[in-house]
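upload_19.csv (CSV, N, CA and C atoms)
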chain,number,residue,atom,x,y,z
U,1,MET,N,-18.0,-5.4,16.8
U,1,MET,CA,-16.8,-5.7,15.9
U,1,MET,C,-17.0,-5.0,14.6
U,2,ALA,N,-18.2,-4.9,14.1
U,2,ALA,CA,-18.4,-4.2,12.8
U,2,ALA,C,-18.0,-2.8,12.8
U,3,ASP,N,-18.2,-2.1,13.9
U,3,ASP,CA,-17.7,-0.7,14.0
U,3,ASP,C,-16.2,-0.6,13.8
U,4,ARG,N,-15.5,-1.5,14.4
U,4,ARG,CA,-14.0,-1.5,14.3
U,4,ARG,C,-13.6,-1.8,12.9
U,5,GLU,N,-14.2,-2.7,12.3
U,5,GLU,CA,-13.9,-3.0,10.9
U,5,GLU,C,-14.2,-1.9,9.9
U,6,ASP,N,-15.4,-1.2,10.2
U,6,ASP,CA,-15.7,0.0,9.4
U,6,ASP,C,-14.7,1.1,9.5
U,7,GLU,N,-14.2,1.3,10.8
U,7,GLU,CA,-13.2,2.3,11.0
U,7,GLU,C,-11.9,2.0,10.3
U,8,ILE,N,-11.5,0.7,10.4
U,8,ILE,CA,-10.3,0.3,9.7
U,8,ILE,C,-10.4,0.5,8.2
U,9,LEU,N,-11.6,0.1,7.6
U,9,LEU,CA,-11.8,0.2,6.2
U,9,LEU,C,-11.8,1.7,5.8
U,10,ALA,N,-12.3,2.6,6.6
U,10,ALA,CA,-12.3,4.0,6.3
U,10,ALA,C,-10.9,4.5,6.3
U,11,THR,N,-10.1,4.1,7.3
U,11,THR,CA,-8.7,4.5,7.4
U,11,THR,C,-7.9,4.1,6.2
U,12,LEU,N,-8.1,2.8,5.8
U,12,LEU,CA,-7.4,2.3,4.7
U,12,LEU,C,-7.8,3.0,3.4
U,13,ALA,N,-9.1,3.3,3.2
U,13,ALA,CA,-9.6,4.0,2.0
U,13,ALA,C,-8.9,5.4,2.0
U,14,HIS,N,-8.8,6.1,3.1
U,14,HIS,CA,-8.2,7.4,3.2
U,14,HIS,C,-6.7,7.2,2.8
U,15,SER,N,-6.1,6.2,3.3
U,15,SER,CA,-4.6,6.0,3.0
U,15,SER,C,-4.4,5.7,1.5
U,16,ILE,N,-5.3,4.9,0.9
U,16,ILE,CA,-5.2,4.7,-0.5
U,16,ILE,C,-5.3,6.0,-1.3
U,17,SER,N,-6.2,6.9,-0.9
U,17,SER,CA,-6.4,8.2,-1.5
U,17,SER,C,-5.1,9.0,-1.4
U,18,LEU,N,-4.5,8.9,-0.2
U,18,LEU,CA,-3.2,9.7,0.0
U,18,LEU,C,-2.1,9.2,-0.9
U,19,VAL,N,-2.0,7.9,-1.0
U,19,VAL,CA,-0.9,7.3,-1.9
U,19,VAL,C,-1.2,7.6,-3.3
U,20,TYR,N,-2.5,7.6,-3.7
U,20,TYR,CA,-2.9,7.9,-5.1
U,20,TYR,C,-2.5,9.4,-5.4
U,21,THR,N,-2.8,10.3,-4.4
U,21,THR,CA,-2.4,11.7,-4.6
U,21,THR,C,-0.9,11.8,-4.7
U,22,GLN,N,-0.1,11.0,-4.0
U,22,GLN,CA,1.3,11.0,-4.1
U,22,GLN,C,1.7,10.6,-5.5
U,23,LEU,N,1.1,9.6,-6.0
U,23,LEU,CA,1.4,9.1,-7.4
U,23,LEU,C,1.1,10.2,-8.4
U,24,VAL,N,0.0,10.9,-8.2
U,24,VAL,CA,-0.4,12.0,-9.1
U,24,VAL,C,0.7,13.0,-9.2
U,25,ASP,N,1.2,13.4,-8.0
U,25,ASP,CA,2.2,14.4,-7.9
U,25,ASP,C,3.5,13.9,-8.6
U,26,VAL,N,3.9,12.6,-8.4
U,26,VAL,CA,5.0,12.1,-9.0
U,26,VAL,C,4.9,12.1,-10.5
U,27,CYS,N,3.7,11.7,-11.0
U,27,CYS,CA,3.5,11.7,-12.4
U,27,CYS,C,3.6,13.1,-13.1
U,28,GLN,N,3.2,14.1,-12.3
U,28,GLN,CA,3.3,15.5,-12.9
U,28,GLN,C,4.8,16.0,-12.9
U,29,ALA,N,5.6,15.4,-12.0
U,29,ALA,CA,7.0,15.8,-12.0
U,29,ALA,C,7.9,14.9,-12.9
U,30,LEU,N,7.4,13.9,-13.5
U,30,LEU,CA,8.2,13.0,-14.4
U,30,LEU,C,8.8,13.8,-15.5
U,31,PRO,N,10.0,13.3,-16.0
U,31,PRO,CA,10.6,14.0,-17.2
U,31,PRO,C,9.6,14.2,-18.3
U,32,VAL,N,8.8,13.2,-18.6
U,32,VAL,CA,7.7,13.3,-19.5
U,32,VAL,C,6.4,13.1,-18.7
U,33,PRO,N,5.8,14.3,-18.3
U,33,PRO,CA,4.7,14.2,-17.4
U,33,PRO,C,3.5,13.4,-17.9
U,34,VAL,N,2.9,12.7,-16.9
U,34,VAL,CA,1.7,11.9,-17.2
U,34,VAL,C,0.5,12.4,-16.4
U,35,THR,N,-0.6,12.7,-17.1
U,35,THR,CA,-1.7,13.3,-16.4
U,35,THR,C,-2.6,12.1,-15.9
U,36,MET,N,-3.0,12.3,-14.6
U,36,MET,CA,-3.8,11.3,-14.0
U,36,MET,C,-5.1,11.9,-13.6
U,37,PRO,N,-6.2,11.1,-13.5
U,37,PRO,CA,-7.5,11.7,-13.1
U,37,PRO,C,-7.3,12.2,-11.6
U,38,ILE,N,-7.9,13.4,-11.4
U,38,ILE,CA,-7.7,14.0,-10.0
U,38,ILE,C,-9.0,14.4,-9.4
U,39,ASP,N,-10.1,13.9,-9.9
U,39,ASP,CA,-11.4,14.1,-9.2
U,39,ASP,C,-11.3,13.6,-7.8
U,40,PRO,N,-11.7,14.5,-6.8
U,40,PRO,CA,-11.6,14.1,-5.4
U,40,PRO,C,-12.3,12.8,-5.0
U,41,HIS,N,-13.3,12.4,-5.8
U,41,HIS,CA,-14.1,11.2,-5.6
U,41,HIS,C,-14.0,10.3,-6.8
U,42,ILE,N,-12.8,10.1,-7.2
U,42,ILE,CA,-12.5,9.3,-8.4
U,42,ILE,C,-12.9,7.8,-8.1
U,43,PRO,N,-13.7,7.2,-9.0
U,43,PRO,CA,-14.0,5.8,-8.7
U,43,PRO,C,-12.8,4.9,-9.1
U,44,ALA,N,-12.8,3.8,-8.5
U,44,ALA,CA,-11.7,2.8,-8.8
U,44,ALA,C,-11.7,2.5,-10.3
U,45,THR,N,-12.9,2.5,-10.9
U,45,THR,CA,-12.9,2.1,-12.3
U,45,THR,C,-12.1,3.1,-13.2
U,46,ASP,N,-11.9,4.3,-12.7
U,46,ASP,CA,-11.1,5.3,-13.5
U,46,ASP,C,-9.7,5.3,-13.0
U,47,ALA,N,-9.5,5.1,-11.7
U,47,ALA,CA,-8.1,5.1,-11.1
U,47,ALA,C,-7.3,3.9,-11.6
U,48,LEU,N,-7.9,2.7,-11.5
U,48,LEU,CA,-7.1,1.5,-11.9
U,48,LEU,C,-6.5,1.5,-13.2
U,49,PRO,N,-7.2,1.9,-14.3
U,49,PRO,CA,-6.6,1.9,-15.6
U,49,PRO,C,-5.5,3.0,-15.7
U,50,ALA,N,-5.7,4.1,-15.0
U,50,ALA,CA,-4.6,5.1,-15.0
U,50,ALA,C,-3.4,4.7,-14.3
U,51,ILE,N,-3.5,4.0,-13.2
U,51,ILE,CA,-2.3,3.5,-12.5
U,51,ILE,C,-1.6,2.4,-13.3
U,52,GLN,N,-2.4,1.5,-14.0
U,52,GLN,CA,-1.8,0.5,-14.8
U,52,GLN,C,-1.1,1.1,-16.0
U,53,ARG,N,-1.6,2.2,-16.5
U,53,ARG,CA,-1.0,2.9,-17.7
U,53,ARG,C,0.4,3.5,-17.2
U,54,VAL,N,0.4,4.1,-16.1
U,54,VAL,CA,1.7,4.6,-15.5
U,54,VAL,C,2.7,3.5,-15.3
U,55,ALA,N,2.3,2.4,-14.8
U,55,ALA,CA,3.2,1.2,-14.6
U,55,ALA,C,3.7,0.8,-15.9
U,56,ALA,N,2.9,0.7,-16.9
U,56,ALA,CA,3.4,0.3,-18.3
U,56,ALA,C,4.3,1.3,-18.9
U,57,LEU,N,4.1,2.6,-18.6
U,57,LEU,CA,4.9,3.7,-19.2
U,57,LEU,C,6.2,3.9,-18.4
U,58,ALA,N,6.4,3.3,-17.3
U,58,ALA,CA,7.6,3.6,-16.4
U,58,ALA,C,8.9,3.3,-17.2
U,59,LYS,N,8.9,2.3,-18.0
U,59,LYS,CA,10.1,1.9,-18.7
U,59,LYS,C,10.4,2.9,-19.8
U,60,ASP,N,9.5,3.7,-20.2
U,60,ASP,CA,9.6,4.7,-21.3
U,60,ASP,C,10.1,6.1,-20.8
U,61,GLN,N,10.1,6.3,-19.5
U,61,GLN,CA,10.5,7.6,-19.0
U,61,GLN,C,12.1,7.7,-19.0
U,62,PRO,N,12.6,8.9,-19.5
U,62,PRO,CA,14.0,9.1,-19.5
U,62,PRO,C,14.6,9.3,-18.2
U,63,MET,N,14.8,8.2,-17.4
U,63,MET,CA,15.4,8.3,-16.1
U,63,MET,C,16.1,7.0,-15.9
U,64,GLY,N,16.8,6.9,-14.8
U,64,GLY,CA,17.6,5.7,-14.5
U,64,GLY,C,16.7,4.5,-14.1
U,65,GLU,N,17.4,3.3,-14.1
U,65,GLU,CA,16.7,2.1,-13.7
U,65,GLU,C,16.1,2.1,-12.3
U,66,THR,N,16.9,2.7,-11.4
U,66,THR,CA,16.3,2.8,-10.0
U,66,THR,C,15.0,3.5,-10.0
U,67,GLN,N,15.0,4.7,-10.7
U,67,GLN,CA,13.8,5.5,-10.7
U,67,GLN,C,12.6,4.8,-11.4
U,68,GLU,N,13.0,4.1,-12.5
U,68,GLU,CA,12.0,3.4,-13.3
U,68,GLU,C,11.4,2.3,-12.4
U,69,SER,N,12.2,1.6,-11.6
U,69,SER,CA,11.8,0.6,-10.7
U,69,SER,C,10.9,1.1,-9.6
U,70,GLN,N,11.3,2.3,-9.1
U,70,GLN,CA,10.5,2.9,-8.0
U,70,GLN,C,9.1,3.3,-8.5
U,71,LEU,N,9.0,3.8,-9.7
U,71,LEU,CA,7.7,4.2,-10.3
U,71,LEU,C,6.9,2.9,-10.5
U,72,PHE,N,7.4,1.9,-11.1
U,72,PHE,CA,6.7,0.7,-11.3
U,72,PHE,C,6.3,0.0,-10.0
U,73,SER,N,7.2,0.0,-9.1
U,73,SER,CA,6.9,-0.7,-7.8
U,73,SER,C,5.8,0.1,-7.0
U,74,GLY,N,5.9,1.4,-7.1
U,74,GLY,CA,4.9,2.2,-6.4
U,74,GLY,C,3.5,2.0,-7.0
U,75,CYS,N,3.4,1.8,-8.3
U,75,CYS,CA,2.2,1.5,-9.0
U,75,CYS,C,1.6,0.2,-8.7
U,76,ILE,N,2.5,-0.9,-8.8
U,76,ILE,CA,2.0,-2.2,-8.5
U,76,ILE,C,1.6,-2.4,-7.1
U,77,HIS,N,2.3,-1.8,-6.2
U,77,HIS,CA,1.9,-1.9,-4.8
U,77,HIS,C,0.6,-1.2,-4.5
U,78,LEU,N,0.4,0.0,-5.1
U,78,LEU,CA,-0.9,0.7,-5.0
U,78,LEU,C,-2.0,-0.2,-5.6
U,79,LEU,N,-1.8,-0.7,-6.7
U,79,LEU,CA,-2.8,-1.6,-7.4
U,79,LEU,C,-3.2,-2.8,-6.5
U,80,ALA,N,-2.2,-3.4,-5.9
U,80,ALA,CA,-2.4,-4.5,-5.0
U,80,ALA,C,-3.2,-4.1,-3.8
U,81,ALA,N,-2.9,-2.9,-3.2
U,81,ALA,CA,-3.6,-2.4,-2.1
U,81,ALA,C,-5.1,-2.2,-2.4
U,82,ILE,N,-5.4,-1.7,-3.6
U,82,ILE,CA,-6.7,-1.4,-4.0
U,82,ILE,C,-7.5,-2.7,-4.2
U,83,ASP,N,-6.8,-3.7,-4.8
U,83,ASP,CA,-7.5,-5.0,-5.0
U,83,ASP,C,-7.8,-5.7,-3.7
U,84,LEU,N,-6.8,-5.7,-2.7
U,84,LEU,CA,-7.0,-6.3,-1.4
U,84,LEU,C,-8.1,-5.5,-0.7
U,85,TYR,N,-8.2,-4.2,-0.8
U,85,TYR,CA,-9.2,-3.4,-0.2
U,85,TYR,C,-10.6,-3.8,-0.7
U,86,ALA,N,-10.7,-4.0,-2.0
U,86,ALA,CA,-12.0,-4.4,-2.5
U,86,ALA,C,-12.4,-5.8,-2.0
U,87,LEU,N,-11.5,-6.7,-1.8
U,87,LEU,CA,-11.8,-8.0,-1.2
U,87,LEU,C,-12.2,-7.8,0.2
U,88,CYS,N,-11.5,-7.0,0.9
U,88,CYS,CA,-11.7,-6.8,2.4
U,88,CYS,C,-13.1,-6.1,2.6
U,89,ALA,N,-13.4,-5.2,1.7
U,89,ALA,CA,-14.7,-4.5,1.8
U,89,ALA,C,-15.9,-5.5,1.6
U,90,THR,N,-15.6,-6.5,0.8
U,90,THR,CA,-16.7,-7.5,0.5
U,90,THR,C,-16.8,-8.5,1.7
U,91,ARG,N,-15.6,-9.0,2.1
U,91,ARG,CA,-15.6,-9.9,3.2
U,91,ARG,C,-14.4,-9.6,4.1
U,92,TYR,N,-14.6,-8.9,5.2
U,92,TYR,CA,-13.5,-8.4,6.0
U,92,TYR,C,-12.6,-9.6,6.6
U,93,GLU,N,-11.4,-9.5,6.4
U,93,GLU,CA,-10.4,-10.4,7.0
U,93,GLU,C,-9.2,-9.5,7.5
U,94,GLU,N,-8.8,-9.7,8.7
U,94,GLU,CA,-7.8,-8.9,9.2
U,94,GLU,C,-6.5,-9.0,8.4
U,95,THR,N,-6.2,-10.2,7.9
U,95,THR,CA,-4.9,-10.3,7.1
U,95,THR,C,-5.0,-9.5,5.8
U,96,ARG,N,-6.2,-9.5,5.2
U,96,ARG,CA,-6.4,-8.6,4.0
U,96,ARG,C,-6.1,-7.2,4.4
U,97,ALA,N,-6.7,-6.7,5.5
U,97,ALA,CA,-6.5,-5.3,5.9
U,97,ALA,C,-5.1,-5.0,6.1
U,98,GLU,N,-4.4,-6.0,6.8
U,98,GLU,CA,-2.9,-5.8,7.0
U,98,GLU,C,-2.2,-5.8,5.7
U,99,GLY,N,-2.6,-6.6,4.7
U,99,GLY,CA,-2.0,-6.6,3.4
U,99,GLY,C,-2.2,-5.3,2.7
U,100,VAL,N,-3.4,-4.6,2.8
U,100,VAL,CA,-3.6,-3.3,2.2
U,100,VAL,C,-2.6,-2.3,2.8
U,101,GLY,N,-2.5,-2.3,4.1
U,101,GLY,CA,-1.5,-1.4,4.8
U,101,GLY,C,-0.1,-1.7,4.4
U,102,ALA,N,0.3,-2.9,4.3
U,102,ALA,CA,1.7,-3.3,3.9
U,102,ALA,C,2.0,-2.8,2.5
U,103,ASN,N,1.0,-3.0,1.6
U,103,ASN,CA,1.2,-2.6,0.2
U,103,ASN,C,1.3,-1.1,0.1
U,104,LEU,N,0.5,-0.4,0.9
U,104,LEU,CA,0.6,1.1,0.9
U,104,LEU,C,1.9,1.6,1.4
U,105,LEU,N,2.5,0.9,2.4
U,105,LEU,CA,3.8,1.3,2.9
U,105,LEU,C,4.9,1.1,1.9
U,106,HIS,N,4.8,-0.1,1.1
U,106,HIS,CA,5.7,-0.3,0.1
U,106,HIS,C,5.6,0.7,-1.1
U,107,ALA,N,4.4,1.1,-1.4
U,107,ALA,CA,4.2,2.1,-2.5
U,107,ALA,C,4.8,3.4,-2.0
U,108,ASP,N,4.5,3.8,-0.8
U,108,ASP,CA,5.1,5.0,-0.3
U,108,ASP,C,6.6,5.0,-0.3
U,109,ALA,N,7.1,3.9,0.1
U,109,ALA,CA,8.6,3.7,0.2
U,109,ALA,C,9.2,3.8,-1.2
U,110,SER,N,8.5,3.5,-2.2
U,110,SER,CA,9.0,3.7,-3.6
U,110,SER,C,8.8,5.1,-4.1
U,111,LEU,N,7.6,5.6,-3.9
U,111,LEU,CA,7.3,6.9,-4.5
U,111,LEU,C,7.9,8.1,-3.8
U,112,ARG,N,8.1,8.0,-2.5
U,112,ARG,CA,8.7,9.2,-1.8
U,112,ARG,C,10.2,9.5,-2.3
U,113,PRO,N,11.1,8.5,-2.3
U,113,PRO,CA,12.4,8.8,-2.8
U,113,PRO,C,12.4,9.2,-4.3
U,114,LEU,N,11.5,8.6,-5.1
U,114,LEU,CA,11.4,9.0,-6.5
U,114,LEU,C,11.1,10.5,-6.6
U,115,MET,N,10.1,10.9,-5.8
U,115,MET,CA,9.7,12.4,-5.8
U,115,MET,C,10.9,13.2,-5.4
U,116,VAL,N,11.7,12.8,-4.4
U,116,VAL,CA,12.9,13.6,-4.0
U,116,VAL,C,13.8,13.7,-5.2
U,117,TRP,N,14.1,12.5,-5.9
U,117,TRP,CA,15.0,12.5,-7.0
U,117,TRP,C,14.5,13.4,-8.1
U,118,LEU,N,13.2,13.3,-8.4
U,118,LEU,CA,12.6,14.1,-9.5
U,118,LEU,C,12.7,15.6,-9.2
U,119,LEU,N,12.5,16.0,-8.0
U,119,LEU,CA,12.6,17.4,-7.6
U,119,LEU,C,14.0,17.9,-7.6
U,120,THR,N,14.9,17.0,-7.3
U,120,THR,CA,16.4,17.3,-7.2
U,120,THR,C,17.0,17.4,-8.6
U,121,ASN,N,16.5,16.5,-9.5
U,121,ASN,CA,17.1,16.4,-10.8
U,121,ASN,C,16.3,17.0,-12.0
U,122,GLY,N,15.1,17.6,-11.6
U,122,GLY,CA,14.2,18.0,-12.6
U,122,GLY,C,14.5,19.3,-13.3
Please render this file's structure as structure tokens.
Amino acid sequence: MADREDEILATLAHSISLVYTQLVDVCQALPVPVTMPIDPHIPATDALPAIQRVAALAKDQPMGETQESQLFSGCIHLLAAIDLYALCATRYEETRAEGVGANLLHADASLRPLMVWLLTNG
């Protein structure tokens, strides 16, 4: 069972990394670009404050309410996924792992259309 859990955790960690990269790309395309740490092995201690900063700055970006909401939502869902992942890595629970995946899907569902909007209107 531990091998299956390790595989799931590895997949979730990779998925978190992909969504973080998506957020980095969005931040670079914002009307007022925001620089995020991009070290390939960025520790959560550096990523979390950066994501929180972007969430706080979402309302200050010169774009519509929908886009502001998409940026904020993408950030908070990514933060929730990271928090649940940390809990799951400490004590694996299938529902926590599913929560990580669900939050990553919500983050992607917010960030993807925002990126399209930014590229179209930038």
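Shortest atom-to-atom contact with Ala109 (chain U) among U:Ala13, U:Pro62, U:Ala86, U:Gln70: U:Gln70, counting only N, CA and C atoms.
The list of residues with at least one atom within 8 Å of Cys27 (chain U), based on all atoms listed in the file and without residues fewer than 5 positions apart in the same chain, reads Thr21, Gln22, Val32, Pro33, Val34, Thr35, Met36, Val54 and Met115 of chain U.
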Can I get the selection written as a PDB file, in the frame of the given file, with N, CA and C atoms?
ATOM      1  N   THR U  21      -2.800  10.300  -4.400  1.00  0.00           N
ATOM      2  CA  THR U  21      -2.400  11.700  -4.600  1.00  0.00           C
ATOM      3  C   THR U  21      -0.900  11.800  -4.700  1.00  0.00           C
ATOM      4  N   GLN U  22      -0.100  11.000  -4.000  1.00  0.00           N
ATOM      5  CA  GLN U  22       1.300  11.000  -4.100  1.00  0.00           C
ATOM      6  C   GLN U  22       1.700  10.600  -5.500  1.00  0.00           C
ATOM      7  N   VAL U  32       8.800  13.200 -18.600  1.00  0.00           N
ATOM      8  CA  VAL U  32       7.700  13.300 -19.500  1.00  0.00           C
ATOM      9  C   VAL U  32       6.400  13.100 -18.700  1.00  0.00           C
ATOM     10  N   PRO U  33       5.800  14.300 -18.300  1.00  0.00           N
ATOM     11  CA  PRO U  33       4.700  14.200 -17.400  1.00  0.00           C
ATOM     12  C   PRO U  33       3.500  13.400 -17.900  1.00  0.00           C
ATOM     13  N   VAL U  34       2.900  12.700 -16.900  1.00  0.00           N
ATOM     14  CA  VAL U  34       1.700  11.900 -17.200  1.00  0.00           C
ATOM     15  C   VAL U  34       0.500  12.400 -16.400  1.00  0.00           C
ATOM     16  N   THR U  35      -0.600  12.700 -17.100  1.00  0.00           N
ATOM     17  CA  THR U  35      -1.700  13.300 -16.400  1.00  0.00           C
ATOM     18  C   THR U  35      -2.600  12.100 -15.900  1.00  0.00           C
ATOM     19  N   MET U  36      -3.000  12.300 -14.600  1.00  0.00           N
ATOM     20  CA  MET U  36      -3.800  11.300 -14.000  1.00  0.00           C
ATOM     21  C   MET U  36      -5.100  11.900 -13.600  1.00  0.00           C
ATOM     22  N   VAL U  54       0.400   4.100 -16.100  1.00  0.00           N
ATOM     23  CA  VAL U  54       1.700   4.600 -15.500  1.00  0.00           C
ATOM     24  C   VAL U  54       2.700   3.500 -15.300  1.00  0.00           C
ATOM     25  N   MET U 115      10.100  10.900  -5.800  1.00  0.00           N
ATOM     26  CA  MET U 115       9.700  12.400  -5.800  1.00  0.00           C
ATOM     27  C   MET U 115      10.900  13.200  -5.400  1.00  0.00           C
TER      28      MET U 115
END
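Between atom N of Ala10 (chain U) and atom N of Ile42 (chain U) lies a distance of 15.7 Å.
Counting only C-alpha atoms, the residue from U:Met63, U:Ala58, U:Pro37, U:His106 that sits nearest to His77 (chain U) is U:His106.
The coordinates place atom C of Leu111 (chain U) at 7.4 Å from atom N of Leu71 (chain U).
Each of U:Ser69, U:Gln28, U:Ser110, U:Ser15 was compared to Ile82 (chain U) using only C-alpha atoms, and U:Ser15 turns out to be the nearest.
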**Request:** Take the point (-1.6, 4.6, -1.1) in the file's coordinates, draw a sphere of radius 7 Å around it, and report as number ranges by chain every protein, DNA or RNA residue with an atom inside or on it, counting all atoms listed in the file.
**Result:** U: 14-21, 78, 103-105, 107-108
**Message:** Report, in Å with one decimal, the straight-line distance from CA of Gly101 (chain U) to atom C of Asp3 (chain U).
**Reply:** 17.3 Å
**Request:** Please report, as JSON, numbers by chain, each residue of region 27-115 of chain U to which DSSP assigns helix (DSSP H, G or I) when run on this structure's backbone.
**Result:** {"U": [27, 28, 29, 44, 45, 46, 47, 48, 49, 50, 51, 52, 53, 54, 55, 56, 57, 58, 59, 60, 65, 66, 67, 68, 69, 70, 71, 72, 73, 74, 75, 76, 77, 78, 79, 80, 81, 82, 83, 84, 85, 86, 87, 88, 89, 90, 94, 95, 96, 97, 98, 99, 100, 101, 102, 103, 104, 105, 106, 107, 108, 109, 110, 111, 112, 113, 114, 115]}
**Residue nearest Cys75 (chain U) - candidates U:Ile38, U:Thr45, U:Gln52, U:Asp6, atoms counted: only N, CA and C atoms** = U:Gln52
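Comparing U:Gly74, U:Leu57, U:Pro43, U:Leu48 by their smallest distance to Arg112 (chain U), the closest is U:Gly74 (using only N, CA and C atoms).
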**Request:** Excluding Tyr92 (chain U) and residues on its chain fewer than 3 positions from it, collect all residues at most 12 Å away from it, counting only C-alpha atoms, and give them as a ChimeraX atom specification.
**Result:** /U:1-9,84-89,95-100
